[in-house]
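Data block for start.pdb (PDB, C-alpha atoms):
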ATOM      1  CA  MET C  22     309.394 152.685 220.118
ATOM      2  CA  LYS C  23     310.228 148.964 220.297
ATOM      3  CA  VAL C  24     307.275 146.788 221.320
ATOM      4  CA  VAL C  25     306.705 143.118 222.160
ATOM      5  CA  VAL C  26     303.094 141.886 222.029
ATOM      6  CA  ALA C  27     302.042 138.864 224.111
ATOM      7  CA  ASP C  28     298.598 137.283 223.824
ATOM      8  CA  ASP C  29     297.485 133.666 223.484
ATOM      9  CA  SER C  30     295.027 134.602 220.720
ATOM     10  CA  MET C  31     296.914 134.505 217.421
ATOM     11  CA  LEU C  32     294.395 136.743 215.665
ATOM     12  CA  LEU C  33     294.495 139.407 218.370
ATOM     13  CA  ARG C  34     298.276 139.160 218.764
ATOM     14  CA  GLU C  35     299.060 139.488 215.079
ATOM     15  CA  GLY C  36     296.309 142.021 214.478
ATOM     16  CA  LEU C  37     297.592 144.231 217.272
ATOM     17  CA  ALA C  38     301.147 143.901 215.984
ATOM     18  CA  ARG C  39     300.003 144.981 212.518
ATOM     19  CA  LEU C  40     298.072 147.988 213.841
ATOM     20  CA  LEU C  41     301.026 149.132 215.926
ATOM     21  CA  SER C  42     303.412 148.696 212.992
ATOM     22  CA  ASP C  43     301.114 150.751 210.771
ATOM     23  CA  ALA C  44     301.087 153.440 213.495
ATOM     24  CA  GLY C  45     304.882 153.697 213.345
ATOM     25  CA  CYS C  46     305.873 151.388 216.212
ATOM     26  CA  ASP C  47     308.680 148.858 215.808
ATOM     27  CA  VAL C  48     307.127 145.532 216.824
ATOM     28  CA  VAL C  49     310.261 143.493 217.551
ATOM     29  CA  GLY C  50     308.540 140.343 218.782
ATOM     30  CA  THR C  51     305.305 138.540 219.601
ATOM     31  CA  ALA C  52     304.614 135.822 222.160
ATOM     32  CA  GLU C  53     301.817 133.326 222.736
ATOM     33  CA  ASN C  54     302.702 132.571 226.360
ATOM     34  CA  ALA C  55     304.672 133.939 229.303
ATOM     35  CA  GLU C  56     307.756 131.808 228.649
ATOM     36  CA  VAL C  57     308.095 133.080 225.096
ATOM     37  CA  LEU C  58     307.471 136.635 226.305
ATOM     38  CA  MET C  59     310.356 136.452 228.762
ATOM     39  CA  ARG C  60     312.640 135.119 226.023
ATOM     40  CA  GLU C  61     311.592 137.785 223.521
ATOM     41  CA  VAL C  62     312.332 140.553 226.005
ATOM     42  CA  GLN C  63     315.814 139.161 226.618
ATOM     43  CA  LEU C  64     316.513 138.875 222.884
ATOM     44  CA  THR C  65     315.029 142.146 221.626
ATOM     45  CA  ALA C  66     315.333 144.613 224.566
ATOM     46  CA  PRO C  67     312.016 146.406 223.839
ATOM     47  CA  ASP C  68     310.941 149.730 225.325
ATOM     48  CA  VAL C  69     307.517 148.380 226.276
ATOM     49  CA  VAL C  70     305.569 145.102 226.296
ATOM     50  CA  ILE C  71     301.850 144.439 225.978
ATOM     51  CA  VAL C  72     300.606 141.391 227.879
ATOM     52  CA  ASP C  73     297.263 139.734 228.601
ATOM     53  CA  ILE C  74     296.399 138.530 232.126
ATOM     54  CA  LYS C  75     295.254 134.986 231.347
ATOM     55  CA  MET C  76     297.734 133.004 229.276
ATOM     56  CA  PRO C  77     298.742 129.331 228.856
ATOM     57  CA  PRO C  78     299.102 126.883 230.433
ATOM     58  CA  THR C  79     296.528 127.490 233.204
ATOM     59  CA  HIS C  80     294.877 130.659 231.844
ATOM     60  CA  THR C  81     294.723 132.218 235.307
ATOM     61  CA  ASP C  82     297.244 134.972 236.065
ATOM     62  CA  GLU C  83     300.341 134.004 234.061
ATOM     63  CA  GLY C  84     300.389 137.396 232.352
ATOM     64  CA  ILE C  85     300.415 139.323 235.638
ATOM     65  CA  ALA C  86     303.106 137.026 237.051
ATOM     66  CA  ALA C  87     305.232 137.555 233.935
ATOM     67  CA  ALA C  88     304.685 141.315 234.104
ATOM     68  CA  ARG C  89     305.903 141.384 237.713
ATOM     69  CA  ARG C  90     309.005 139.368 236.836
ATOM     70  CA  LEU C  91     309.758 141.677 233.929
ATOM     71  CA  ARG C  92     309.450 144.733 236.148
ATOM     72  CA  GLU C  93     311.879 143.174 238.638
ATOM     73  CA  GLN C  94     314.406 142.243 235.959
ATOM     74  CA  HIS C  95     314.014 145.333 233.753
ATOM     75  CA  PRO C  96     312.989 148.328 235.934
ATOM     76  CA  GLY C  97     312.877 150.761 233.003
ATOM     77  CA  LEU C  98     310.693 148.542 230.836
ATOM     78  CA  GLY C  99     307.153 149.757 230.178
ATOM     79  CA  VAL C 100     304.530 147.072 230.862
ATOM     80  CA  LEU C 101     300.938 147.418 229.658
ATOM     81  CA  VAL C 102     298.421 144.814 230.775
ATOM     82  CA  LEU C 103     295.699 144.756 228.112
ATOM     83  CA  SER C 104     292.841 142.530 229.208
ATOM     84  CA  HIS C 105     289.172 141.641 228.798
ATOM     85  CA  TYR C 106     288.882 141.331 232.560
ATOM     86  CA  LEU C 107     287.935 144.152 234.936
ATOM     87  CA  GLU C 108     289.974 143.011 237.946
ATOM     88  CA  SER C 109     291.200 145.891 240.087
ATOM     89  CA  GLU C 110     293.124 143.524 242.381
ATOM     90  CA  TYR C 111     295.297 142.461 239.431
ATOM     91  CA  ALA C 112     296.155 146.086 238.776
ATOM     92  CA  MET C 113     296.997 146.656 242.425
ATOM     93  CA  ARG C 114     299.238 143.571 242.573
ATOM     94  CA  LEU C 115     301.312 144.971 239.741
ATOM     95  CA  LEU C 116     301.313 148.584 240.886
ATOM     96  CA  THR C 117     302.246 147.841 244.488
ATOM     97  CA  ASP C 118     305.630 146.463 243.403
ATOM     98  CA  ALA C 119     306.648 149.439 241.255
ATOM     99  CA  PRO C 120     304.026 151.929 240.041
ATOM    100  CA  ASP C 121     306.098 153.661 237.367
ATOM    101  CA  HIS C 122     306.161 152.392 233.764
ATOM    102  CA  VAL C 123     303.038 150.258 234.409
ATOM    103  CA  GLY C 124     299.560 150.336 232.868
ATOM    104  CA  TYR C 125     296.306 148.354 232.878
ATOM    105  CA  LEU C 126     293.697 148.930 230.165
ATOM    106  CA  LEU C 127     290.594 147.040 229.090
ATOM    107  CA  LYS C 128     290.657 145.768 225.510
ATOM    108  CA  GLU C 129     287.074 146.804 224.857
ATOM    109  CA  ARG C 130     287.830 150.424 225.750
ATOM    110  CA  VAL C 131     290.835 150.770 223.429
ATOM    111  CA  SER C 132     288.835 151.695 220.345
ATOM    112  CA  ASP C 133     291.602 153.602 218.558
ATOM    113  CA  VAL C 134     295.216 152.558 218.036
ATOM    114  CA  ALA C 135     296.221 156.174 218.711
ATOM    115  CA  VAL C 136     294.911 155.780 222.288
ATOM    116  CA  LEU C 137     297.042 152.671 222.691
ATOM    117  CA  VAL C 138     300.163 154.311 221.268
ATOM    118  CA  ASP C 139     299.675 157.302 223.568
ATOM    119  CA  ALA C 140     299.426 154.959 226.570
ATOM    120  CA  LEU C 141     302.612 153.150 225.516
ATOM    121  CA  ASN C 142     304.496 156.439 225.204
ATOM    122  CA  ARG C 143     303.347 157.470 228.671
ATOM    123  CA  LEU C 144     304.581 154.191 230.137
ATOM    124  CA  ILE C 145     307.980 154.612 228.505
ATOM    125  CA  GLU C 146     308.195 158.087 230.058
ATOM    126  CA  GLY C 147     307.599 156.588 233.508
ATOM    127  CA  GLU C 148     303.905 157.254 234.086
ATOM    128  CA  CYS C 149     301.277 154.729 235.131
ATOM    129  CA  VAL C 150     298.087 154.474 233.090
ATOM    130  CA  ILE C 151     294.995 152.879 234.632
ATOM    131  CA  ASP C 152     291.685 152.274 232.859
ATOM    132  CA  PRO C 153     289.056 154.798 234.005
ATOM    133  CA  THR C 154     286.637 151.935 234.721
ATOM    134  CA  ILE C 155     289.024 150.502 237.313
ATOM    135  CA  VAL C 156     289.561 153.927 238.859
ATOM    136  CA  THR C 157     285.788 154.389 239.135
ATOM    137  CA  ARG C 158     285.341 150.975 240.748
ATOM    138  CA  LEU C 159     288.004 151.713 243.335
ATOM    139  CA  MET C 160     286.461 155.062 244.211
ATOM    140  CA  ARG C 161     282.992 153.527 244.741
ATOM    141  CA  ARG C 162     284.281 151.135 247.395
ATOM    142  CA  PRO C 163     284.086 152.106 251.100
ATOM    143  CA  GLN C 164     287.030 154.199 252.205
ATOM    144  CA  ARG C 165     289.125 153.965 255.380
ATOM    145  CA  ARG C 166     290.561 157.005 257.103
ATOM    146  CA  GLN C 167     293.729 157.879 255.207
ATOM    147  CA  PRO C 168     295.787 160.802 253.798
ATOM    148  CA  LEU C 169     293.411 161.211 250.853
ATOM    149  CA  ASP C 170     290.712 162.313 253.282
ATOM    150  CA  ALA C 171     292.518 165.653 253.478
ATOM    151  CA  LEU C 172     291.898 166.317 249.777
ATOM    152  CA  THR C 173     289.044 168.511 248.613
ATOM    153  CA  ALA C 174     286.476 167.144 246.162
ATOM    154  CA  ARG C 175     288.127 169.037 243.302
ATOM    155  CA  GLU C 176     291.582 167.745 244.276
ATOM    156  CA  ARG C 177     290.180 164.208 244.233
ATOM    157  CA  ASP C 178     288.784 164.884 240.752
ATOM    158  CA  VAL C 179     292.210 166.041 239.589
ATOM    159  CA  LEU C 180     293.975 163.053 241.149
ATOM    160  CA  GLY C 181     291.432 160.657 239.664
ATOM    161  CA  LEU C 182     292.113 161.994 236.172
ATOM    162  CA  MET C 183     295.856 161.780 236.837
ATOM    163  CA  ALA C 184     295.307 158.105 237.699
ATOM    164  CA  GLU C 185     293.787 157.640 234.256
ATOM    165  CA  GLY C 186     297.028 158.902 232.730
ATOM    166  CA  ARG C 187     295.690 162.334 231.742
ATOM    167  CA  SER C 188     298.110 165.187 231.150
ATOM    168  CA  ASN C 189     297.633 168.515 232.939
ATOM    169  CA  ASP C 190     296.092 170.005 229.798
ATOM    170  CA  ALA C 191     293.687 167.061 229.499
ATOM    171  CA  VAL C 192     292.706 167.420 233.167
ATOM    172  CA  ALA C 193     292.063 171.124 232.634
ATOM    173  CA  SER C 194     289.903 170.404 229.600
ATOM    174  CA  GLN C 195     287.914 167.667 231.357
ATOM    175  CA  LEU C 196     287.196 169.810 234.422
ATOM    176  CA  ALA C 197     286.753 173.062 232.484
ATOM    177  CA  ILE C 198     289.426 174.876 234.486
ATOM    178  CA  GLY C 199     292.683 176.574 233.527
ATOM    179  CA  PRO C 200     296.061 174.792 233.365
ATOM    180  CA  LYS C 201     297.412 177.064 236.119
ATOM    181  CA  THR C 202     294.545 176.014 238.355
ATOM    182  CA  VAL C 203     295.371 172.358 237.680
ATOM    183  CA  GLU C 204     299.006 172.997 238.620
ATOM    184  CA  ALA C 205     297.882 174.655 241.853
ATOM    185  CA  HIS C 206     295.649 171.692 242.704
ATOM    186  CA  ILE C 207     298.516 169.274 242.034
ATOM    187  CA  ARG C 208     300.828 171.242 244.315
ATOM    188  CA  GLN C 209     298.223 171.013 247.072
ATOM    189  CA  ILE C 210     297.752 167.294 246.452
ATOM    190  CA  MET C 211     301.486 166.628 246.729
ATOM    191  CA  GLN C 212     301.718 168.679 249.912
ATOM    192  CA  LYS C 213     298.752 166.948 251.555
ATOM    193  CA  LEU C 214     300.031 163.494 250.610
ATOM    194  CA  GLY C 215     303.459 164.278 252.028
ATOM    195  CA  LEU C 216     305.290 164.001 248.717
ATOM    196  CA  PRO C 217     308.099 166.595 248.696
ATOM    197  CA  GLU C 218     310.094 167.280 245.569
ATOM    198  CA  SER C 219     312.749 164.629 244.910
ATOM    199  CA  ARG C 220     315.170 163.770 242.135
ATOM    200  CA  ASP C 221     314.640 160.054 242.651
ATOM    201  CA  ASP C 222     310.874 159.660 242.949
ATOM    202  CA  ASN C 223     308.202 160.381 240.383
ATOM    203  CA  ARG C 224     305.795 162.275 242.661
ATOM    204  CA  ARG C 225     302.967 162.063 240.161
ATOM    205  CA  VAL C 226     303.213 158.279 240.068
ATOM    206  CA  LEU C 227     303.453 158.058 243.874
ATOM    207  CA  ALA C 228     300.356 160.241 244.241
ATOM    208  CA  VAL C 229     298.431 157.992 241.855
ATOM    209  CA  LEU C 230     299.569 154.921 243.780
ATOM    210  CA  SER C 231     298.296 156.491 247.029
ATOM    211  CA  TYR C 232     294.990 157.107 245.285
ATOM    212  CA  LEU C 233     294.669 153.499 244.103
ATOM    213  CA  ARG C 234     295.735 152.109 247.455
ATOM    214  CA  SER C 235     292.953 154.083 249.138
ATOM    215  CA  ALA C 236     290.486 151.283 248.402
ATOM    216  CA  PRO C 237     290.430 148.477 251.005
TER     217      PRO C 237
END

Could you write out this structure as structure tokens?
Amino acid sequence: MKVVVADDSMLLREGLARLLSDAGCDVVGTAENAEVLMREVQLTAPDVVIVDIKMPPTHTDEGIAAARRLREQHPGLGVLVLSHYLESEYAMRLLTDAPDHVGYLLKERVSDVAVLVDALNRLIEGECVIDPTIVTRLMRRPQRRQPLDALTARERDVLGLMAEGRSNDAVASQLAIGPKTVEAHIRQIMQKLGLPESRDDNRRVLAVLSYLRSAP
């Protein structure tokens, strides 16, 4: 896995690069701002990039803006936003454009490099990985009438765990149900959300996007 790490903090940037290298990743570049990040991606053609939200020069949303440009220019590139900030609207801005190959995790919740590497692999495979804290915040907000209203409570539980990037086996373990039961719930979710089988669309990603969009 080829990775580019972008963060304005030199200690965090280099420390993260070292941890990923020790975990077997090929860190092909680092960047201290969005401009350097864009250049590194062009030069090194990574599989995935890690970017912070707030970067120079204004320290507002340069990281999100760069992530959106990268997704437009390199549709197959995995993009993980790794931030201190719990901002669900930032996640939605990125996911609305193209939900596959995109993730948003909070730095404080990534306590093990293995968790980070697993998230990067999922992004490369085309999944979206959203921090559970953001998923919880979205679900606590008032809901409008929408397709998700047709889901049962258990189907919502399954879809919520899917939004966190959990595999079917992990969902089964978390909910203490069998893998076959999880598969049955997912089939019902896809049917109720109007997501027929397709060669072109990642139905799992589209279902997660519907889930995240359910918050006003």

* Asked: Hey, can you check how far atom CA of C:Val179 sits from atom CA of C:Ile207?
  ->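 For atom CA of C:Val179 relative to atom CA of C:Ile207, the distance reads 7.5 Å.
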
Centre and edges of the stretch 79-90 of chain C box, axis-aligned, 6 Å extra per side, as lines of an AutoDock Vina configuration file:
center_x = 301.9
center_y = 134.4
center_z = 234.8
size_x = 26.3
size_y = 25.9
size_z = 17.9

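Using all atoms listed in the file for every distance, the candidate list C:Asp121, C:Asp43, C:Asp29, C:Glu35 yields C:Asp43 as the residue closest to C:Val138.
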
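Using all atoms listed in the file, the set of residues no farther than 12 Å from the position (284.5, 170.1, 235.3) comprises Ala174, Arg175, Glu176, Asp178, Val179, Leu182, Ala191, Val192, Ala193, Ser194, Gln195, Leu196, Ala197, Ile198, Gly199 and Val203 of chain C.
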
Taken to one decimal, the atom CA of C:Gly99-atom CA of C:Glu53 distance is 18.8 Å

message: I'd like the contact shell of C:Asp28 - 8 Å cut-off, all atoms listed in the file, skipping same-chain residues fewer than 3 positions apart - returned as a list of chain:residue names.
response: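 Residues meeting the cut-off are C:Met31, C:Leu33, C:Arg34, C:Ala52, C:Glu53, C:Asn54, C:Val72, C:Asp73, C:Met76.
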
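Of the listed residues (C:Arg225, C:Glu185, C:Gly124, C:His80), C:Arg225 comes nearest to C:Glu204; the distances count all atoms listed in the file.
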
Within 9 Å of (296.0, 169.9, 246.9), only C-alpha atoms: residues as a PDB file with C-alpha atoms, keeping the file's coordinate frame?
ATOM      1  CA  ALA C 171     292.518 165.653 253.478  1.00  0.00           C
ATOM      2  CA  LEU C 172     291.898 166.317 249.777  1.00  0.00           C
ATOM      3  CA  THR C 173     289.044 168.511 248.613  1.00  0.00           C
ATOM      4  CA  ARG C 175     288.127 169.037 243.302  1.00  0.00           C
ATOM      5  CA  GLU C 176     291.582 167.745 244.276  1.00  0.00           C
ATOM      6  CA  ARG C 177     290.180 164.208 244.233  1.00  0.00           C
ATOM      7  CA  ALA C 205     297.882 174.655 241.853  1.00  0.00           C
ATOM      8  CA  HIS C 206     295.649 171.692 242.704  1.00  0.00           C
ATOM      9  CA  ILE C 207     298.516 169.274 242.034  1.00  0.00           C
ATOM     10  CA  ARG C 208     300.828 171.242 244.315  1.00  0.00           C
ATOM     11  CA  GLN C 209     298.223 171.013 247.072  1.00  0.00           C
ATOM     12  CA  ILE C 210     297.752 167.294 246.452  1.00  0.00           C
ATOM     13  CA  MET C 211     301.486 166.628 246.729  1.00  0.00           C
ATOM     14  CA  GLN C 212     301.718 168.679 249.912  1.00  0.00           C
ATOM     15  CA  LYS C 213     298.752 166.948 251.555  1.00  0.00           C
ATOM     16  CA  LEU C 214     300.031 163.494 250.610  1.00  0.00           C
TER      17      LEU C 214
END

### Message
What does the structure give for the distance between atom CA of C:Val100 and atom CA of C:Ala55, in Å to one decimal?
### Response
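Straight-line distance from atom CA of C:Val100 to atom CA of C:Ala55 works out to 13.2 Å.
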
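Against this structure, the PyMOL selection byres ((chain C and resi 67) around 9) ends up with Met22, Lys23, Val24, Val25, Val48, Val49, Gly50, Glu61, Val62, Gln63, Leu64, Thr65, Ala66, Asp68, Val69, Val70, Leu98 and Gly99 of chain C.
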
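Ranking C:Leu58, C:Val229, C:Val26, C:Leu40 by their shortest atom-to-atom distance to C:Val134, with all atoms listed in the file included, puts C:Leu40 first.
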
inquiry  = Quick check on the file I pasted: which residues fall under the PyMOL selection byres ((chain C and resi 92) around 10)? Write them as number ranges by chain.
reply    = C: 87-91, 93-100, 115, 118-123

- [ ] Choose the residue, out of C:Thr202, C:Ile85, C:Tyr232, C:Met59, that has the smallest atom-to-atom separation from C:Asp190; count all atoms listed in the file.
- [x]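 Using all atoms listed in the file, the shortest distance to C:Asp190 belongs to C:Thr202.
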
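Among the candidates C:Glu56, C:Gly45, C:Ser104, C:Met183, the one nearest to C:Ser30 when counting all atoms listed in the file is C:Ser104.
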
- prompt: Which residue, C:Ala86, C:Cys46, C:Leu37, C:Leu233, has the smallest gap to C:Asn142 when you use only C-alpha atoms?
  reply: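 Answer, going by the shortest atom-to-atom distance: C:Cys46.
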